$ cat data.tsv   # TSV, N, CA and C atoms
chain	number	residue	atom	x	y	z
V	1	MET	N	110.09	-5.83	61.67
V	1	MET	CA	110.89	-4.92	62.45
V	1	MET	C	110.13	-3.60	62.63
V	2	VAL	N	110.26	-3.03	63.81
V	2	VAL	CA	109.66	-1.74	64.10
V	2	VAL	C	110.73	-0.67	63.96
V	3	TYR	N	110.40	0.41	63.29
V	3	TYR	CA	111.32	1.52	63.06
V	3	TYR	C	110.92	2.70	63.93
V	4	LEU	N	111.91	3.49	64.31
V	4	LEU	CA	111.64	4.75	65.00
V	4	LEU	C	111.53	5.84	63.94
V	5	LEU	N	110.43	6.56	63.98
V	5	LEU	CA	110.17	7.59	62.98
V	5	LEU	C	110.79	8.91	63.41
V	6	ASP	N	111.53	9.53	62.52
V	6	ASP	CA	112.20	10.79	62.79
V	6	ASP	C	111.26	11.97	62.53
V	7	ALA	N	111.46	13.03	63.27
V	7	ALA	CA	110.64	14.23	63.13
V	7	ALA	C	110.68	14.80	61.72
V	8	ASN	N	111.84	14.73	61.07
V	8	ASN	CA	111.96	15.31	59.72
V	8	ASN	C	111.04	14.63	58.71
V	9	ILE	N	110.84	13.34	58.83
V	9	ILE	CA	109.94	12.64	57.92
V	9	ILE	C	108.51	13.15	58.10
V	10	ILE	N	108.12	13.33	59.35
V	10	ILE	CA	106.77	13.82	59.64
V	10	ILE	C	106.61	15.26	59.15
V	11	ILE	N	107.59	16.09	59.44
V	11	ILE	CA	107.52	17.50	59.04
V	11	ILE	C	107.49	17.64	57.52
V	12	ARG	N	108.34	16.92	56.82
V	12	ARG	CA	108.34	16.98	55.35
V	12	ARG	C	107.01	16.52	54.79
V	13	PHE	N	106.43	15.51	55.39
V	13	PHE	CA	105.12	15.01	54.96
V	13	PHE	C	104.05	16.08	55.15
V	14	LEU	N	104.08	16.75	56.28
V	14	LEU	CA	103.04	17.74	56.59
V	14	LEU	C	103.25	19.06	55.87
V	15	ILE	N	104.49	19.49	55.71
V	15	ILE	CA	104.77	20.80	55.12
V	15	ILE	C	104.96	20.70	53.60
V	16	GLY	N	105.63	19.66	53.14
V	16	GLY	CA	105.82	19.47	51.70
V	16	GLY	C	106.73	20.49	51.06
V	17	ASP	N	107.72	21.01	51.81
V	17	ASP	CA	108.56	22.07	51.27
V	17	ASP	C	109.86	21.58	50.63
V	18	HIS	N	110.02	20.30	50.52
V	18	HIS	CA	111.21	19.74	49.86
V	18	HIS	C	110.73	18.55	49.02
V	19	GLN	N	110.66	18.73	47.72
V	19	GLN	CA	110.01	17.77	46.83
V	19	GLN	C	110.55	16.35	46.97
V	20	LYS	N	111.86	16.20	46.97
V	20	LYS	CA	112.47	14.86	47.06
V	20	LYS	C	112.10	14.18	48.37
V	21	HIS	N	112.19	14.92	49.47
V	21	HIS	CA	111.84	14.36	50.78
V	21	HIS	C	110.34	14.13	50.91
V	22	LEU	N	109.55	14.97	50.28
V	22	LEU	CA	108.10	14.80	50.32
V	22	LEU	C	107.70	13.48	49.67
V	23	VAL	N	108.26	13.19	48.52
V	23	VAL	CA	107.93	11.94	47.80
V	23	VAL	C	108.24	10.74	48.68
V	24	LYS	N	109.40	10.73	49.30
V	24	LYS	CA	109.80	9.61	50.17
V	24	LYS	C	108.91	9.53	51.40
V	25	SER	N	108.58	10.66	51.99
V	25	SER	CA	107.74	10.65	53.19
V	25	SER	C	106.32	10.19	52.86
V	26	ILE	N	105.81	10.54	51.68
V	26	ILE	CA	104.49	10.06	51.27
V	26	ILE	C	104.52	8.54	51.13
V	27	GLU	N	105.57	8.00	50.53
V	27	GLU	CA	105.71	6.55	50.43
V	27	GLU	C	105.72	5.90	51.81
V	28	ASN	N	106.50	6.50	52.72
V	28	ASN	CA	106.57	5.98	54.08
V	28	ASN	C	105.20	5.98	54.75
V	29	PHE	N	104.47	7.08	54.62
V	29	PHE	CA	103.18	7.17	55.30
V	29	PHE	C	102.13	6.26	54.68
V	30	LYS	N	102.22	6.00	53.39
V	30	LYS	CA	101.32	5.01	52.77
V	30	LYS	C	101.58	3.64	53.38
V	31	ASP	N	102.86	3.31	53.56
V	31	ASP	CA	103.22	2.02	54.16
V	31	ASP	C	102.82	1.96	55.64
V	32	ILE	N	102.93	3.08	56.34
V	32	ILE	CA	102.52	3.13	57.75
V	32	ILE	C	101.01	2.98	57.86
V	33	GLU	N	100.29	3.67	56.98
V	33	GLU	CA	98.82	3.60	57.01
V	33	GLU	C	98.32	2.18	56.79
V	34	SER	N	98.97	1.45	55.90
V	34	SER	CA	98.56	0.07	55.61
V	34	SER	C	99.19	-0.93	56.57
V	35	ALA	N	100.03	-0.46	57.48
V	35	ALA	CA	100.76	-1.28	58.45
V	35	ALA	C	101.81	-2.17	57.78
V	36	LYS	N	102.12	-1.90	56.54
V	36	LYS	CA	103.25	-2.58	55.88
V	36	LYS	C	104.55	-2.18	56.56
V	37	LEU	N	104.58	-0.96	57.08
V	37	LEU	CA	105.71	-0.44	57.84
V	37	LEU	C	105.19	-0.12	59.24
V	38	GLN	N	105.85	-0.68	60.26
V	38	GLN	CA	105.47	-0.40	61.64
V	38	GLN	C	106.49	0.54	62.26
V	39	VAL	N	105.98	1.58	62.89
V	39	VAL	CA	106.85	2.60	63.48
V	39	VAL	C	106.41	2.94	64.89
V	40	GLU	N	107.36	3.45	65.64
V	40	GLU	CA	107.07	4.05	66.93
V	40	GLU	C	107.49	5.51	66.83
V	41	ILE	N	106.66	6.38	67.37
V	41	ILE	CA	106.97	7.81	67.40
V	41	ILE	C	107.24	8.18	68.85
V	42	LEU	N	108.48	8.48	69.15
V	42	LEU	CA	108.86	8.82	70.51
V	42	LEU	C	108.21	10.14	70.94
V	43	ASP	N	107.99	10.27	72.24
V	43	ASP	CA	107.40	11.49	72.79
V	43	ASP	C	108.16	12.72	72.34
V	44	GLY	N	109.49	12.64	72.42
V	44	GLY	CA	110.34	13.78	72.04
V	44	GLY	C	110.24	14.13	70.57
V	45	VAL	N	110.03	13.13	69.74
V	45	VAL	CA	109.88	13.37	68.30
V	45	VAL	C	108.57	14.13	68.04
V	46	LEU	N	107.52	13.69	68.68
V	46	LEU	CA	106.23	14.38	68.51
V	46	LEU	C	106.32	15.81	69.05
V	47	MET	N	107.03	15.97	70.16
V	47	MET	CA	107.21	17.31	70.71
V	47	MET	C	108.01	18.19	69.74
V	48	GLU	N	109.05	17.62	69.12
V	48	GLU	CA	109.84	18.37	68.14
V	48	GLU	C	108.99	18.77	66.94
V	49	VAL	N	108.18	17.87	66.45
V	49	VAL	CA	107.29	18.17	65.32
V	49	VAL	C	106.38	19.33	65.68
V	50	PHE	N	105.76	19.24	66.85
V	50	PHE	CA	104.84	20.29	67.29
V	50	PHE	C	105.58	21.62	67.41
V	51	PHE	N	106.77	21.60	68.02
V	51	PHE	CA	107.56	22.81	68.21
V	51	PHE	C	107.95	23.43	66.87
V	52	VAL	N	108.47	22.63	65.97
V	52	VAL	CA	108.92	23.15	64.66
V	52	VAL	C	107.74	23.75	63.89
V	53	LEU	N	106.61	23.06	63.90
V	53	LEU	CA	105.45	23.56	63.14
V	53	LEU	C	104.90	24.86	63.72
V	54	THR	N	104.90	24.96	65.05
V	54	THR	CA	104.31	26.16	65.67
V	54	THR	C	105.31	27.31	65.81
V	55	LYS	N	106.59	27.00	66.02
V	55	LYS	CA	107.58	28.07	66.24
V	55	LYS	C	108.33	28.45	64.97
V	56	PHE	N	108.84	27.47	64.23
V	56	PHE	CA	109.61	27.77	63.03
V	56	PHE	C	108.69	28.14	61.86
V	57	TYR	N	107.66	27.32	61.64
V	57	TYR	CA	106.74	27.59	60.53
V	57	TYR	C	105.60	28.53	60.94
V	58	LYS	N	105.53	28.82	62.23
V	58	LYS	CA	104.55	29.77	62.78
V	58	LYS	C	103.09	29.41	62.44
V	59	LEU	N	102.81	28.12	62.44
V	59	LEU	CA	101.44	27.66	62.23
V	59	LEU	C	100.68	27.72	63.55
V	60	PRO	N	99.42	28.10	63.53
V	60	PRO	CA	98.63	28.16	64.76
V	60	PRO	C	98.48	26.76	65.38
V	61	LYS	N	98.55	26.70	66.72
V	61	LYS	CA	98.43	25.42	67.42
V	61	LYS	C	97.18	24.66	67.01
V	62	ASP	N	96.06	25.38	66.89
V	62	ASP	CA	94.81	24.69	66.56
V	62	ASP	C	94.84	24.05	65.18
V	63	GLU	N	95.67	24.55	64.27
V	63	GLU	CA	95.83	23.94	62.95
V	63	GLU	C	96.79	22.75	63.00
V	64	VAL	N	97.75	22.81	63.91
V	64	VAL	CA	98.79	21.78	63.99
V	64	VAL	C	98.29	20.52	64.71
V	65	ILE	N	97.44	20.66	65.69
V	65	ILE	CA	97.02	19.55	66.56
V	65	ILE	C	96.45	18.36	65.79
V	66	GLY	N	95.63	18.59	64.81
V	66	GLY	CA	94.95	17.50	64.11
V	66	GLY	C	95.86	16.55	63.37
V	67	ASP	N	96.94	17.05	62.78
V	67	ASP	CA	97.82	16.19	61.99
V	67	ASP	C	98.53	15.13	62.84
V	68	PRO	N	99.17	15.49	63.96
V	68	PRO	CA	99.78	14.44	64.78
V	68	PRO	C	98.76	13.44	65.32
V	69	LYS	N	97.55	13.91	65.62
V	69	LYS	CA	96.51	12.99	66.08
V	69	LYS	C	96.17	11.97	64.98
V	70	THR	N	96.06	12.45	63.77
V	70	THR	CA	95.77	11.57	62.64
V	70	THR	C	96.91	10.58	62.42
V	71	ILE	N	98.13	11.05	62.51
V	71	ILE	CA	99.29	10.18	62.33
V	71	ILE	C	99.33	9.11	63.41
V	72	LEU	N	99.07	9.48	64.66
V	72	LEU	CA	99.07	8.49	65.74
V	72	LEU	C	98.03	7.40	65.52
V	73	ALA	N	96.95	7.73	64.83
V	73	ALA	CA	95.88	6.77	64.61
V	73	ALA	C	96.16	5.79	63.46
V	74	LEU	N	97.23	6.00	62.71
V	74	LEU	CA	97.52	5.11	61.59
V	74	LEU	C	97.83	3.70	62.08
V	75	ASN	N	97.43	2.71	61.28
V	75	ASN	CA	97.58	1.30	61.65
V	75	ASN	C	99.01	0.90	61.98
V	76	GLY	N	99.98	1.46	61.29
V	76	GLY	CA	101.37	1.07	61.50
V	76	GLY	C	102.07	1.77	62.64
V	77	VAL	N	101.40	2.71	63.31
V	77	VAL	CA	101.99	3.36	64.49
V	77	VAL	C	101.64	2.50	65.69
V	78	ILE	N	102.66	1.92	66.31
V	78	ILE	CA	102.40	0.92	67.35
V	78	ILE	C	102.85	1.36	68.74
V	79	ASN	N	102.93	2.64	68.96
V	79	ASN	CA	103.33	3.16	70.28
V	79	ASN	C	102.49	2.56	71.39
V	80	SER	N	103.15	2.18	72.46
V	80	SER	CA	102.41	1.76	73.64
V	80	SER	C	101.81	2.98	74.34
V	81	SER	N	102.34	4.16	74.03
V	81	SER	CA	101.87	5.39	74.66
V	81	SER	C	100.97	6.22	73.74
V	82	LYS	N	100.38	5.58	72.74
V	82	LYS	CA	99.52	6.31	71.79
V	82	LYS	C	98.42	7.11	72.48
V	83	ILE	N	97.76	6.48	73.43
V	83	ILE	CA	96.63	7.13	74.10
V	83	ILE	C	97.12	8.34	74.90
V	84	ILE	N	98.27	8.21	75.53
V	84	ILE	CA	98.82	9.32	76.32
V	84	ILE	C	99.20	10.48	75.40
V	85	LEU	N	99.85	10.18	74.29
V	85	LEU	CA	100.23	11.23	73.35
V	85	LEU	C	98.99	11.91	72.77
V	86	TYR	N	97.99	11.12	72.42
V	86	TYR	CA	96.74	11.67	71.89
V	86	TYR	C	96.09	12.59	72.93
V	87	GLU	N	96.07	12.14	74.18
V	87	GLU	CA	95.49	12.94	75.25
V	87	GLU	C	96.29	14.22	75.47
V	88	ALA	N	97.61	14.14	75.39
V	88	ALA	CA	98.44	15.34	75.53
V	88	ALA	C	98.09	16.37	74.46
V	89	LEU	N	97.92	15.91	73.23
V	89	LEU	CA	97.54	16.83	72.15
V	89	LEU	C	96.16	17.42	72.40
V	90	SER	N	95.25	16.63	72.93
V	90	SER	CA	93.91	17.14	73.27
V	90	SER	C	93.98	18.19	74.37
V	91	ILE	N	94.86	17.98	75.34
V	91	ILE	CA	95.04	18.94	76.43
V	91	ILE	C	95.61	20.25	75.90
V	92	ILE	N	96.58	20.16	74.99
V	92	ILE	CA	97.13	21.38	74.37
V	92	ILE	C	96.02	22.15	73.68
V	93	GLU	N	95.19	21.43	72.99
V	93	GLU	CA	94.08	22.04	72.25
V	93	GLU	C	93.10	22.72	73.20
V	94	ALA	N	92.80	22.07	74.32
V	94	ALA	CA	91.79	22.59	75.25
V	94	ALA	C	92.33	23.67	76.18
V	95	LYS	N	93.58	23.53	76.62
V	95	LYS	CA	94.10	24.42	77.65
V	95	LYS	C	95.19	25.35	77.17
V	96	ASN	N	95.66	25.18	75.93
V	96	ASN	CA	96.69	26.04	75.38
V	96	ASN	C	97.94	26.09	76.27
V	97	ILE	N	98.44	24.90	76.65
V	97	ILE	CA	99.68	24.83	77.41
V	97	ILE	C	100.74	24.17	76.55
V	98	ASP	N	102.00	24.22	76.99
V	98	ASP	CA	103.06	23.66	76.15
V	98	ASP	C	103.02	22.13	76.16
V	99	PHE	N	103.77	21.55	75.22
V	99	PHE	CA	103.70	20.11	74.99
V	99	PHE	C	104.10	19.30	76.22
V	100	MET	N	105.22	19.65	76.85
V	100	MET	CA	105.70	18.86	77.98
V	100	MET	C	104.73	18.93	79.15
V	101	ASP	N	104.16	20.09	79.44
V	101	ASP	CA	103.17	20.20	80.50
V	101	ASP	C	101.94	19.36	80.17
V	102	ALA	N	101.54	19.38	78.91
V	102	ALA	CA	100.39	18.58	78.50
V	102	ALA	C	100.68	17.09	78.63
V	103	LEU	N	101.90	16.68	78.33
V	103	LEU	CA	102.29	15.28	78.47
V	103	LEU	C	102.27	14.87	79.94
V	104	ILE	N	102.76	15.72	80.81
V	104	ILE	CA	102.72	15.44	82.25
V	104	ILE	C	101.27	15.32	82.72
V	105	CYS	N	100.42	16.23	82.27
V	105	CYS	CA	99.00	16.18	82.64
V	105	CYS	C	98.35	14.89	82.15
V	106	ALA	N	98.66	14.50	80.92
V	106	ALA	CA	98.07	13.30	80.34
V	106	ALA	C	98.51	12.05	81.10
V	107	LYS	N	99.80	11.96	81.41
V	107	LYS	CA	100.30	10.81	82.18
V	107	LYS	C	99.67	10.79	83.57
V	108	SER	N	99.55	11.95	84.17
V	108	SER	CA	98.95	12.06	85.49
V	108	SER	C	97.50	11.58	85.46
V	109	LYS	N	96.77	12.03	84.46
V	109	LYS	CA	95.35	11.69	84.33
V	109	LYS	C	95.14	10.21	83.99
V	110	LEU	N	95.91	9.69	83.04
V	110	LEU	CA	95.65	8.34	82.53
V	110	LEU	C	96.40	7.23	83.26
V	111	GLN	N	97.48	7.58	83.94
V	111	GLN	CA	98.25	6.54	84.61
V	111	GLN	C	98.28	6.70	86.12
V	112	GLY	N	97.53	7.67	86.63
V	112	GLY	CA	97.40	7.83	88.07
V	112	GLY	C	98.60	8.45	88.77
V	113	PHE	N	99.48	9.10	88.02
V	113	PHE	CA	100.59	9.80	88.65
V	113	PHE	C	100.08	11.09	89.28
V	114	GLY	N	100.76	11.53	90.32
V	114	GLY	CA	100.47	12.84	90.88
V	114	GLY	C	101.18	13.90	90.04
V	115	SER	N	100.71	15.11	90.13
V	115	SER	CA	101.34	16.20	89.39
V	115	SER	C	101.23	17.47	90.20
V	116	ASP	N	102.31	18.23	90.20
V	116	ASP	CA	102.28	19.52	90.90
V	116	ASP	C	101.88	20.65	89.97
V	117	LEU	N	101.54	20.33	88.76
V	117	LEU	CA	101.14	21.37	87.80
V	117	LEU	C	99.72	21.83	88.09
V	118	LYS	N	99.57	23.11	88.22
V	118	LYS	CA	98.24	23.70	88.44
V	118	LYS	C	97.43	23.73	87.14
V	119	LYS	N	98.15	23.61	86.01
V	119	LYS	CA	97.52	23.71	84.69
V	119	LYS	C	96.65	22.51	84.36
V	120	CYS	N	96.91	21.38	85.01
V	120	CYS	CA	96.14	20.18	84.71
V	120	CYS	C	94.75	20.37	85.20
$ encode --input "data.tsv" --output "structure tokens"
Amino acid sequence: MVYLLDANIIIRFLIGDHQKHLVKSIENFKDIESAKLQVEILDGVLMEVFFVLTKFYKLPKDEVIGDPKTILALNGVINSSKIILYEALSIIEAKNIDFMDALICAKSKLQGFGSDLKKC
């Protein structure tokens, strides 16, 4: 069975500010890394993670980008849109635009959609 991964599990794993939740999230990510647990990370969940880390925790975007990229690369993450999400994060890194604009740019670039965004 494939599970949908919630933003809170990712955030607790990355921030480690709640010991009980951190222990559980580490267990989850070990299982995801080994593909014992298969998950999908929805676009909105990744956007929420990015938003919470940069706005609530006030972490610099350039420090935040690498963690979601690493998570997307884990064996148990089976998103059909992995490449698009990875590209969106790369666009944020290169162009310093918001997540949704970067996602539109990535879909436009990789799937041949048109885009009215000048930022792409």
$ residues_around --input "data.tsv" --residues "Leu42 (chain V)" --least-positions-apart "4" --cutoff "7 Å" --atoms "all atoms listed in the file" --output "PyMOL selection string"
chain V and resi 4-5+46-47
$ axis_aligned_box --input "data.tsv" --around "region 94-99 of chain V" --padding-each-side "4 Å" --output "lines of an AutoDock Vina configuration file"
center_x = 97.9
center_y = 22.7
center_z = 76.0
size_x = 20.3
size_y = 14.8
size_z = 11.3
$ atom_distance --input "data.tsv" --atom1 "atom C of Ser108 (chain V)" --atom2 "atom N of Ile83 (chain V)"
13.1 Å
$ residues_around --input "data.tsv" --residues "Ala7 (chain V)" --least-positions-apart "2" --cutoff "12 Å" --atoms "only C-alpha atoms" --output "ChimeraX atom specification"
/V:4-5,9-15,25,40-53,68
$ select_by_dssp --input "data.tsv" --residues "chain V" --states "helix (DSSP H, G or I)" --output "PyMOL selection string"
chain V and resi 7-15+19-33+43-56+61-64+66-72+82-95+99-111
$ closest_atom_pairs --input "data.tsv" --of "region 29-71 of chain V" --to "region 85-97 of chain V" --cutoff "6.5 Å" --atoms "all atoms listed in the file" --output "JSON lines"
{"residue": "V:Asp62", "atom": "CA", "partner": "V:Glu93", "partner_atom": "CA", "distance": 6.3}
{"residue": "V:Ile65", "atom": "CA", "partner": "V:Leu89", "partner_atom": "CA", "distance": 6.2}
{"residue": "V:Lys69", "atom": "CA", "partner": "V:Tyr86", "partner_atom": "CA", "distance": 6.0}
$ write_last_selection --input "data.tsv" --atoms "N, CA and C atoms" --output "PDB file, in the frame of the given file"
ATOM      1  N   ASP V  62      96.060  25.380  66.890  1.00  0.00           N
ATOM      2  CA  ASP V  62      94.810  24.690  66.560  1.00  0.00           C
ATOM      3  C   ASP V  62      94.840  24.050  65.180  1.00  0.00           C
ATOM      4  N   ILE V  65      97.440  20.660  65.690  1.00  0.00           N
ATOM      5  CA  ILE V  65      97.020  19.550  66.560  1.00  0.00           C
ATOM      6  C   ILE V  65      96.450  18.360  65.790  1.00  0.00           C
ATOM      7  N   LYS V  69      97.550  13.910  65.620  1.00  0.00           N
ATOM      8  CA  LYS V  69      96.510  12.990  66.080  1.00  0.00           C
ATOM      9  C   LYS V  69      96.170  11.970  64.980  1.00  0.00           C
TER      10      LYS V  69
END
$ select_by_dssp --input "data.tsv" --residues "region 4-76 of chain V" --states "strand (DSSP E or B)" --output "ChimeraX atom specification"
/V:4,38-40
$ residues_around --input "data.tsv" --residues "Gln38 (chain V)" --least-positions-apart "3" --cutoff "7 Å" --atoms "only N, CA and C atoms" --output "PyMOL selection string"
chain V and resi 1-4+31-32+35+75-78
$ residues_near_point --input "data.tsv" --point "(102.1, 21.6, 85.2)" --cutoff "7 Å" --atoms "all atoms listed in the file" --output "list in words"
Asp101, Ala102, Ile104, Cys105, Ser115, Asp116, Leu117, Lys118, Lys119 and Cys120 of chain V
$ atom_distance --input "data.tsv" --atom1 "atom N of Ile84 (chain V)" --atom2 "atom N of Val39 (chain V)"
16.2 Å
$ atom_distance --input "data.tsv" --atom1 "atom C of Ser80 (chain V)" --atom2 "atom N of Gly16 (chain V)"
27.2 Å
$ closest_residue --input "data.tsv" --among "V:Ser81, V:Phe99, V:Lys36, V:Val64" --to "Gln111 (chain V)" --atoms "only C-alpha atoms"
V:Ser81
$ decode --input "data.tsv" --residues "region 40-61 of chain V" --atoms "N, CA, C and O atoms" --output "PDB file, in the first residue's frame"
ATOM      1  N   GLU V  40       3.690   8.800  -1.236  1.00  0.00           N
ATOM      2  CA  GLU V  40       3.593   9.849  -2.234  1.00  0.00           C
ATOM      3  C   GLU V  40       3.548  11.163  -1.471  1.00  0.00           C
ATOM      4  O   GLU V  40       2.878  11.268  -0.434  1.00  0.00           O
ATOM      5  N   ILE V  41       4.271  12.146  -1.971  1.00  0.00           N
ATOM      6  CA  ILE V  41       4.270  13.478  -1.360  1.00  0.00           C
ATOM      7  C   ILE V  41       3.558  14.411  -2.337  1.00  0.00           C
ATOM      8  O   ILE V  41       4.068  14.673  -3.427  1.00  0.00           O
ATOM      9  N   LEU V  42       2.379  14.850  -1.956  1.00  0.00           N
ATOM     10  CA  LEU V  42       1.600  15.724  -2.826  1.00  0.00           C
ATOM     11  C   LEU V  42       2.295  17.072  -2.996  1.00  0.00           C
ATOM     12  O   LEU V  42       3.028  17.534  -2.104  1.00  0.00           O
ATOM     13  N   ASP V  43       2.035  17.707  -4.138  1.00  0.00           N
ATOM     14  CA  ASP V  43       2.616  19.022  -4.421  1.00  0.00           C
ATOM     15  C   ASP V  43       2.338  20.001  -3.288  1.00  0.00           C
ATOM     16  O   ASP V  43       3.224  20.728  -2.845  1.00  0.00           O
ATOM     17  N   GLY V  44       1.087  20.011  -2.826  1.00  0.00           N
ATOM     18  CA  GLY V  44       0.684  20.931  -1.761  1.00  0.00           C
ATOM     19  C   GLY V  44       1.391  20.667  -0.447  1.00  0.00           C
ATOM     20  O   GLY V  44       1.675  21.591   0.313  1.00  0.00           O
ATOM     21  N   VAL V  45       1.686  19.408  -0.184  1.00  0.00           N
ATOM     22  CA  VAL V  45       2.415  19.048   1.043  1.00  0.00           C
ATOM     23  C   VAL V  45       3.842  19.587   0.973  1.00  0.00           C
ATOM     24  O   VAL V  45       4.343  20.187   1.924  1.00  0.00           O
ATOM     25  N   LEU V  46       4.473  19.400  -0.165  1.00  0.00           N
ATOM     26  CA  LEU V  46       5.837  19.912  -0.319  1.00  0.00           C
ATOM     27  C   LEU V  46       5.843  21.439  -0.238  1.00  0.00           C
ATOM     28  O   LEU V  46       6.738  22.021   0.370  1.00  0.00           O
ATOM     29  N   MET V  47       4.823  22.060  -0.807  1.00  0.00           N
ATOM     30  CA  MET V  47       4.720  23.511  -0.735  1.00  0.00           C
ATOM     31  C   MET V  47       4.532  23.959   0.724  1.00  0.00           C
ATOM     32  O   MET V  47       5.149  24.929   1.162  1.00  0.00           O
ATOM     33  N   GLU V  48       3.711  23.230   1.481  1.00  0.00           N
ATOM     34  CA  GLU V  48       3.504  23.561   2.893  1.00  0.00           C
ATOM     35  C   GLU V  48       4.802  23.416   3.684  1.00  0.00           C
ATOM     36  O   GLU V  48       5.132  24.269   4.506  1.00  0.00           O
ATOM     37  N   VAL V  49       5.540  22.363   3.443  1.00  0.00           N
ATOM     38  CA  VAL V  49       6.825  22.151   4.117  1.00  0.00           C
ATOM     39  C   VAL V  49       7.751  23.320   3.832  1.00  0.00           C
ATOM     40  O   VAL V  49       8.344  23.904   4.749  1.00  0.00           O
ATOM     41  N   PHE V  50       7.863  23.683   2.570  1.00  0.00           N
ATOM     42  CA  PHE V  50       8.738  24.780   2.179  1.00  0.00           C
ATOM     43  C   PHE V  50       8.293  26.080   2.846  1.00  0.00           C
ATOM     44  O   PHE V  50       9.111  26.830   3.389  1.00  0.00           O
ATOM     45  N   PHE V  51       6.981  26.346   2.831  1.00  0.00           N
ATOM     46  CA  PHE V  51       6.443  27.567   3.422  1.00  0.00           C
ATOM     47  C   PHE V  51       6.710  27.616   4.927  1.00  0.00           C
ATOM     48  O   PHE V  51       7.190  28.624   5.448  1.00  0.00           O
ATOM     49  N   VAL V  52       6.411  26.541   5.625  1.00  0.00           N
ATOM     50  CA  VAL V  52       6.594  26.511   7.088  1.00  0.00           C
ATOM     51  C   VAL V  52       8.069  26.705   7.450  1.00  0.00           C
ATOM     52  O   VAL V  52       8.409  27.464   8.356  1.00  0.00           O
ATOM     53  N   LEU V  53       8.954  26.034   6.723  1.00  0.00           N
ATOM     54  CA  LEU V  53      10.381  26.144   7.045  1.00  0.00           C
ATOM     55  C   LEU V  53      10.928  27.542   6.778  1.00  0.00           C
ATOM     56  O   LEU V  53      11.746  28.049   7.544  1.00  0.00           O
ATOM     57  N   THR V  54      10.456  28.174   5.699  1.00  0.00           N
ATOM     58  CA  THR V  54      10.996  29.497   5.353  1.00  0.00           C
ATOM     59  C   THR V  54      10.267  30.642   6.056  1.00  0.00           C
ATOM     60  O   THR V  54      10.893  31.654   6.371  1.00  0.00           O
ATOM     61  N   LYS V  55       8.973  30.487   6.312  1.00  0.00           N
ATOM     62  CA  LYS V  55       8.209  31.593   6.913  1.00  0.00           C
ATOM     63  C   LYS V  55       8.073  31.461   8.428  1.00  0.00           C
ATOM     64  O   LYS V  55       8.310  32.421   9.150  1.00  0.00           O
ATOM     65  N   PHE V  56       7.695  30.289   8.920  1.00  0.00           N
ATOM     66  CA  PHE V  56       7.500  30.119  10.358  1.00  0.00           C
ATOM     67  C   PHE V  56       8.841  29.955  11.074  1.00  0.00           C
ATOM     68  O   PHE V  56       9.109  30.617  12.064  1.00  0.00           O
ATOM     69  N   TYR V  57       9.693  29.076  10.547  1.00  0.00           N
ATOM     70  CA  TYR V  57      10.993  28.844  11.177  1.00  0.00           C
ATOM     71  C   TYR V  57      12.063  29.821  10.683  1.00  0.00           C
ATOM     72  O   TYR V  57      13.176  29.838  11.199  1.00  0.00           O
ATOM     73  N   LYS V  58      11.707  30.600   9.671  1.00  0.00           N
ATOM     74  CA  LYS V  58      12.578  31.652   9.130  1.00  0.00           C
ATOM     75  C   LYS V  58      13.952  31.132   8.675  1.00  0.00           C
ATOM     76  O   LYS V  58      14.973  31.798   8.822  1.00  0.00           O
ATOM     77  N   LEU V  59      13.954  29.937   8.107  1.00  0.00           N
ATOM     78  CA  LEU V  59      15.185  29.378   7.552  1.00  0.00           C
ATOM     79  C   LEU V  59      15.389  29.933   6.148  1.00  0.00           C
ATOM     80  O   LEU V  59      14.423  30.098   5.390  1.00  0.00           O
ATOM     81  N   PRO V  60      16.616  30.227   5.766  1.00  0.00           N
ATOM     82  CA  PRO V  60      16.884  30.736   4.423  1.00  0.00           C
ATOM     83  C   PRO V  60      16.512  29.699   3.353  1.00  0.00           C
ATOM     84  O   PRO V  60      16.728  28.499   3.540  1.00  0.00           O
ATOM     85  N   LYS V  61      15.947  30.184   2.243  1.00  0.00           N
ATOM     86  CA  LYS V  61      15.530  29.290   1.158  1.00  0.00           C
ATOM     87  C   LYS V  61      16.665  28.377   0.709  1.00  0.00           C
ATOM     88  O   LYS V  61      16.449  27.196   0.464  1.00  0.00           O
TER      89      LYS V  61
END
